[in-house]
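> Please read through the structure below; I'll follow up with questions.
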Amino acid sequence: MNRSIARMITLGSLVLVVVLSTAWQAQAKDANDQYPSMAPLHQYLMTDRNAEIALARSAAPEAISRDAEVLVLGRHGYETAVKGKNGFVCVVERGWMGPFDGELSGNFWNPKIRGPICFNPPAAHSILPMTYKRTEMVLGGQSKAQIIDGIKTFIKQGLPPLEPGAMSYMMSKEQYLTDDGRHNWMAHLMFYTPLIDGAVWGADLPRSPIMLNPQFSGAPEPIDVFMVPAGWWSDGTADPVRVR
């Protein structure tokens with residue numbers, strides 16, 4: 001009797017795993033099917049320039065963003081909307097700055113994605129150029145495959161070396177990073193390193209606050225991005241860290 005019950009429990013567990021796996025794969029496929037290619041350009045642009053400036057600045061605490069340079073996206077790429085004084089650069093990134101493949105790639109062409117981010121000076125010098133390059137190729141009508149090839153060439157010929165201490169703030173409560181659930185995900189900081197084993201940082205371990213972001217990870221940019229929850233939004237309101 002006990003063996004029969006155990007077999008039934010095991011069978012039930014296997015069925016549950018198969019069902020959940022199938023559901024996850026279907027969800028990922030739906031996301032990619034929903035945004036299979038680039039939408040009309042106007043859907044990625046913000047008609048209110050001042051609103052985009054404010055959204056970009058919301059990426060970091062006011063003490064940082066008030067003196068930062070601010071970029072806005074135009075029809076031919078990012079333009080300087082506000083000159084900065086402290087070396088930081090704030091910008092609202094679009095979905096094409098996400099991974100090319102994998103679970104999170106479904107938002108690559110999602111025109112609703114708005115990712116306010118504020119780069120510190122080392123990141124502005126060595127990470128922001130990748131935003132410029134991807135955006136240039138996207139607005140040029142290139143496909144994912146063409147963009148990947150273009151980045152590989154850029155890495156060899158024009159990508160500045162990663163500067164030590166490169167990091168950025170993503171603490172905007174107004175960020176829109178997904179169509180599902182909480183669109184604003186969490187307030188966090190990002191740290192950029194050469195490609196490295198995430199275990200060196202203790203990333204993605206139970207109760208570790210550090211996560212390895214699949215944004216670049218050598219596919220093709222030779223950069224890893226480690227994320228750390230901030231615990232509060234840039235406006236000072238709490239954003240409790242969810243223990244994994």
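So you can find residues: chains in the structure tokens are A, B, ... in the order shown, residues in each start at 1, and ligands are numbered from 1 in order.
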If we count only C-alpha atoms, what is near Pro229 of chain A at a cut-off of 6 Å, once residues fewer than 2 positions away on the same chain are taken out, given as a ChimeraX atom specification?
/A:187-188,231
> Since we have the selection now, will you write its residues out, keeping N, CA and C atoms, as a PDB file, in the first residue's frame?

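File again.pdb, as written:
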ATOM      1  N   ALA A 187      13.839  48.014  -7.914  1.00  0.00           N
ATOM      2  CA  ALA A 187      14.915  49.007  -7.928  1.00  0.00           C
ATOM      3  C   ALA A 187      16.237  48.266  -7.730  1.00  0.00           C
ATOM      4  N   HIS A 188      17.218  48.555  -8.586  1.00  0.00           N
ATOM      5  CA  HIS A 188      18.472  47.825  -8.476  1.00  0.00           C
ATOM      6  C   HIS A 188      19.642  48.623  -9.037  1.00  0.00           C
ATOM      7  N   GLY A 231      16.553  48.245  -2.621  1.00  0.00           N
ATOM      8  CA  GLY A 231      15.702  48.283  -1.429  1.00  0.00           C
ATOM      9  C   GLY A 231      14.783  49.493  -1.363  1.00  0.00           C
TER      10      GLY A 231
END
> Could you make a table, as JSON lines, of the residues of segment 63-124 of chain A that have an atom within 9 Å of an atom of segment 128-140 of chain A, each with its nearest atom pair and distance in Å to one decimal, counting only C-alpha atoms, in chain and number order?

{"residue": "A:Arg75", "atom": "CA", "partner": "A:Leu139", "partner_atom": "CA", "distance": 7.5}
{"residue": "A:His76", "atom": "CA", "partner": "A:Leu139", "partner_atom": "CA", "distance": 6.8}
{"residue": "A:Gly77", "atom": "CA", "partner": "A:Glu136", "partner_atom": "CA", "distance": 6.1}
{"residue": "A:Tyr78", "atom": "CA", "partner": "A:Tyr132", "partner_atom": "CA", "distance": 7.1}
{"residue": "A:Val89", "atom": "CA", "partner": "A:Leu128", "partner_atom": "CA", "distance": 8.6}
{"residue": "A:Glu93", "atom": "CA", "partner": "A:Thr131", "partner_atom": "CA", "distance": 7.8}
{"residue": "A:Arg94", "atom": "CA", "partner": "A:Thr135", "partner_atom": "CA", "distance": 8.7}
{"residue": "A:Trp96", "atom": "CA", "partner": "A:Arg134", "partner_atom": "CA", "distance": 7.3}
{"residue": "A:Met97", "atom": "CA", "partner": "A:Thr131", "partner_atom": "CA", "distance": 6.8}
{"residue": "A:Phe119", "atom": "CA", "partner": "A:Leu128", "partner_atom": "CA", "distance": 7.5}
{"residue": "A:Ala123", "atom": "CA", "partner": "A:Leu128", "partner_atom": "CA", "distance": 6.4}
{"residue": "A:Ala124", "atom": "CA", "partner": "A:Leu128", "partner_atom": "CA", "distance": 5.0}
> Limited to C-alpha atoms, could you put the picked residues into a file as a short mmCIF file (atom, residue, chain, number, x, y, z; two decimals), in the first residue's frame?

data_model
loop_
_atom_site.label_atom_id
_atom_site.label_comp_id
_atom_site.auth_asym_id
_atom_site.auth_seq_id
_atom_site.Cartn_x
_atom_site.Cartn_y
_atom_site.Cartn_z
CA ARG A 75 14.17 59.29 -35.11
CA HIS A 76 17.89 59.11 -35.87
CA GLY A 77 19.16 57.96 -32.48
CA TYR A 78 19.79 59.36 -29.01
CA VAL A 89 24.40 60.06 -18.16
CA GLU A 93 16.58 52.40 -22.95
CA ARG A 94 14.22 50.39 -25.18
CA TRP A 96 16.45 46.10 -27.97
CA MET A 97 18.99 46.53 -25.17
CA PHE A 119 25.39 55.42 -16.04
CA ALA A 123 30.01 53.22 -17.64
CA ALA A 124 29.14 56.27 -19.73
#
> Could you check the closest approach to Ala63 of chain A for each of A:Tyr35, A:Gln215, A:Asp180, A:Phe88 and tell me which residue wins, using only C-alpha atoms?
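Closest residue, counting only C-alpha atoms: A:Phe88.
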> Could you give me, as an MDAnalysis selection string, each residue of segment 28-242 of chain A that DSSP assigns to strand (DSSP E or B) when run on this structure's backbone?
chainID A and resid 69:74 77:82 89:93 114:119 167:170 176 188:194 211:213 223:229 232 238
> Report as number ranges by chain: the residues of segment 95-222 of chain A with a DSSP assignment of alpha helix (DSSP H), based on the backbone of this structure.
A: 121-126, 128-139, 144-157
> Neighbours of segment 221-225 of chain A within 8 Å (only C-alpha atoms; same-chain residues fewer than 6 positions away dropped), as number ranges by chain?
A: 151-152, 155, 190-196, 212-215
> Write to file, as a PDB file, in the first residue's frame, the residues of the selection just made, with N, CA, C and O atoms.

ATOM      1  N   ILE A 151      27.657  44.183 -34.110  1.00  0.00           N
ATOM      2  CA  ILE A 151      28.270  44.352 -32.791  1.00  0.00           C
ATOM      3  C   ILE A 151      29.608  43.630 -32.727  1.00  0.00           C
ATOM      4  O   ILE A 151      30.576  44.129 -32.140  1.00  0.00           O
ATOM      5  N   LYS A 152      29.678  42.457 -33.342  1.00  0.00           N
ATOM      6  CA  LYS A 152      30.950  41.729 -33.369  1.00  0.00           C
ATOM      7  C   LYS A 152      32.032  42.561 -34.040  1.00  0.00           C
ATOM      8  O   LYS A 152      33.178  42.617 -33.574  1.00  0.00           O
ATOM      9  N   ILE A 155      32.962  45.433 -31.684  1.00  0.00           N
ATOM     10  CA  ILE A 155      33.819  44.985 -30.592  1.00  0.00           C
ATOM     11  C   ILE A 155      35.286  44.978 -31.039  1.00  0.00           C
ATOM     12  O   ILE A 155      36.188  45.379 -30.294  1.00  0.00           O
ATOM     13  N   MET A 190      23.456  48.080 -11.108  1.00  0.00           N
ATOM     14  CA  MET A 190      24.108  47.131 -12.008  1.00  0.00           C
ATOM     15  C   MET A 190      25.612  47.426 -12.070  1.00  0.00           C
ATOM     16  O   MET A 190      26.019  48.583 -12.180  1.00  0.00           O
ATOM     17  N   PHE A 191      26.388  46.354 -12.018  1.00  0.00           N
ATOM     18  CA  PHE A 191      27.845  46.458 -12.029  1.00  0.00           C
ATOM     19  C   PHE A 191      28.381  45.663 -13.225  1.00  0.00           C
ATOM     20  O   PHE A 191      27.999  44.508 -13.427  1.00  0.00           O
ATOM     21  N   TYR A 192      29.267  46.275 -13.991  1.00  0.00           N
ATOM     22  CA  TYR A 192      29.754  45.685 -15.241  1.00  0.00           C
ATOM     23  C   TYR A 192      31.169  45.137 -15.050  1.00  0.00           C
ATOM     24  O   TYR A 192      32.046  45.814 -14.496  1.00  0.00           O
ATOM     25  N   THR A 193      31.384  43.917 -15.533  1.00  0.00           N
ATOM     26  CA  THR A 193      32.699  43.278 -15.440  1.00  0.00           C
ATOM     27  C   THR A 193      33.019  42.590 -16.761  1.00  0.00           C
ATOM     28  O   THR A 193      32.124  42.350 -17.578  1.00  0.00           O
ATOM     29  N   PRO A 194      34.302  42.273 -16.995  1.00  0.00           N
ATOM     30  CA  PRO A 194      34.602  41.354 -18.101  1.00  0.00           C
ATOM     31  C   PRO A 194      33.904  40.020 -17.823  1.00  0.00           C
ATOM     32  O   PRO A 194      33.461  39.764 -16.692  1.00  0.00           O
ATOM     33  N   LEU A 195      33.786  39.167 -18.827  1.00  0.00           N
ATOM     34  CA  LEU A 195      33.142  37.869 -18.637  1.00  0.00           C
ATOM     35  C   LEU A 195      33.819  37.115 -17.501  1.00  0.00           C
ATOM     36  O   LEU A 195      35.043  36.998 -17.447  1.00  0.00           O
ATOM     37  N   ILE A 196      32.992  36.619 -16.571  1.00  0.00           N
ATOM     38  CA  ILE A 196      33.514  36.003 -15.355  1.00  0.00           C
ATOM     39  C   ILE A 196      32.517  34.982 -14.837  1.00  0.00           C
ATOM     40  O   ILE A 196      31.308  35.098 -15.094  1.00  0.00           O
ATOM     41  N   LEU A 212      22.989  37.537 -11.739  1.00  0.00           N
ATOM     42  CA  LEU A 212      23.714  37.716 -12.990  1.00  0.00           C
ATOM     43  C   LEU A 212      22.700  38.005 -14.083  1.00  0.00           C
ATOM     44  O   LEU A 212      21.847  37.175 -14.394  1.00  0.00           O
ATOM     45  N   ASN A 213      22.784  39.180 -14.656  1.00  0.00           N
ATOM     46  CA  ASN A 213      21.862  39.620 -15.694  1.00  0.00           C
ATOM     47  C   ASN A 213      22.307  39.049 -17.052  1.00  0.00           C
ATOM     48  O   ASN A 213      23.466  39.211 -17.428  1.00  0.00           O
ATOM     49  N   PRO A 214      21.406  38.399 -17.800  1.00  0.00           N
ATOM     50  CA  PRO A 214      21.793  37.833 -19.109  1.00  0.00           C
ATOM     51  C   PRO A 214      21.820  38.863 -20.226  1.00  0.00           C
ATOM     52  O   PRO A 214      21.837  38.501 -21.404  1.00  0.00           O
ATOM     53  N   GLN A 215      21.843  40.157 -19.894  1.00  0.00           N
ATOM     54  CA  GLN A 215      21.747  41.204 -20.909  1.00  0.00           C
ATOM     55  C   GLN A 215      22.801  41.069 -22.001  1.00  0.00           C
ATOM     56  O   GLN A 215      22.506  41.135 -23.185  1.00  0.00           O
TER      57      GLN A 215
END
> Mind checking which residues fall within 9 Å of Glu174 of chain A, counting only C-alpha atoms, ignoring those fewer than 3 positions away in the same chain, and posting them as a VMD selection string?
chain A and resid 55 58 to 59 114 to 116 171 183 to 184
> How would the residues just chosen look if you wrote them out with N, CA and C atoms as a JSON list (two decimals), in the first residue's frame?

[["chain", "number", "residue", "atom", "x", "y", "z"],
["A", 55, "LEU", "N", 11.61, 60.92, -16.96],
["A", 55, "LEU", "CA", 11.70, 59.47, -16.78],
["A", 55, "LEU", "C", 13.16, 59.03, -16.71],
["A", 58, "SER", "N", 14.63, 59.78, -13.38],
["A", 58, "SER", "CA", 14.09, 58.99, -12.27],
["A", 58, "SER", "C", 14.87, 57.70, -12.05],
["A", 59, "ALA", "N", 15.84, 57.40, -12.93],
["A", 59, "ALA", "CA", 16.64, 56.19, -12.77],
["A", 59, "ALA", "C", 17.52, 56.23, -11.53],
["A", 114, "ARG", "N", 10.34, 50.52, -21.40],
["A", 114, "ARG", "CA", 11.02, 51.77, -21.06],
["A", 114, "ARG", "C", 11.92, 51.46, -19.85],
["A", 115, "GLY", "N", 13.22, 51.51, -20.06],
["A", 115, "GLY", "CA", 14.17, 51.18, -19.01],
["A", 115, "GLY", "C", 15.03, 52.37, -18.63],
["A", 116, "PRO", "N", 14.55, 53.23, -17.71],
["A", 116, "PRO", "CA", 15.39, 54.36, -17.28],
["A", 116, "PRO", "C", 16.66, 53.85, -16.61],
["A", 171, "MET", "N", 16.72, 52.62, -10.65],
["A", 171, "MET", "CA", 15.90, 52.74, -9.44],
["A", 171, "MET", "C", 14.59, 53.48, -9.70],
["A", 183, "HIS", "N", 5.08, 45.83, -13.74],
["A", 183, "HIS", "CA", 5.85, 46.29, -14.88],
["A", 183, "HIS", "C", 7.20, 46.85, -14.46],
["A", 184, "ASN", "N", 7.30, 47.34, -13.22],
["A", 184, "ASN", "CA", 8.53, 48.00, -12.81],
["A", 184, "ASN", "C", 9.53, 47.08, -12.11]]
> In Å, how far is it from atom CA of Leu73 of chain A to atom CA of Met170 of chain A?
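These atoms are spaced 17.8 Å apart.
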> Taking 4 positions as the minimum chain separation for residues in the same chain, which residues sit within 8 Å of Tyr44 of chain A when counting only C-alpha atoms? Answer as an NGL selection string.
:A and (39-40 or 94 or 111-112)
> Of the residues A:Gln146, A:Asn86, A:Asn50, A:Thr153, which is the one nearest to Asn120 of chain A, using only C-alpha atoms?
A:Asn86
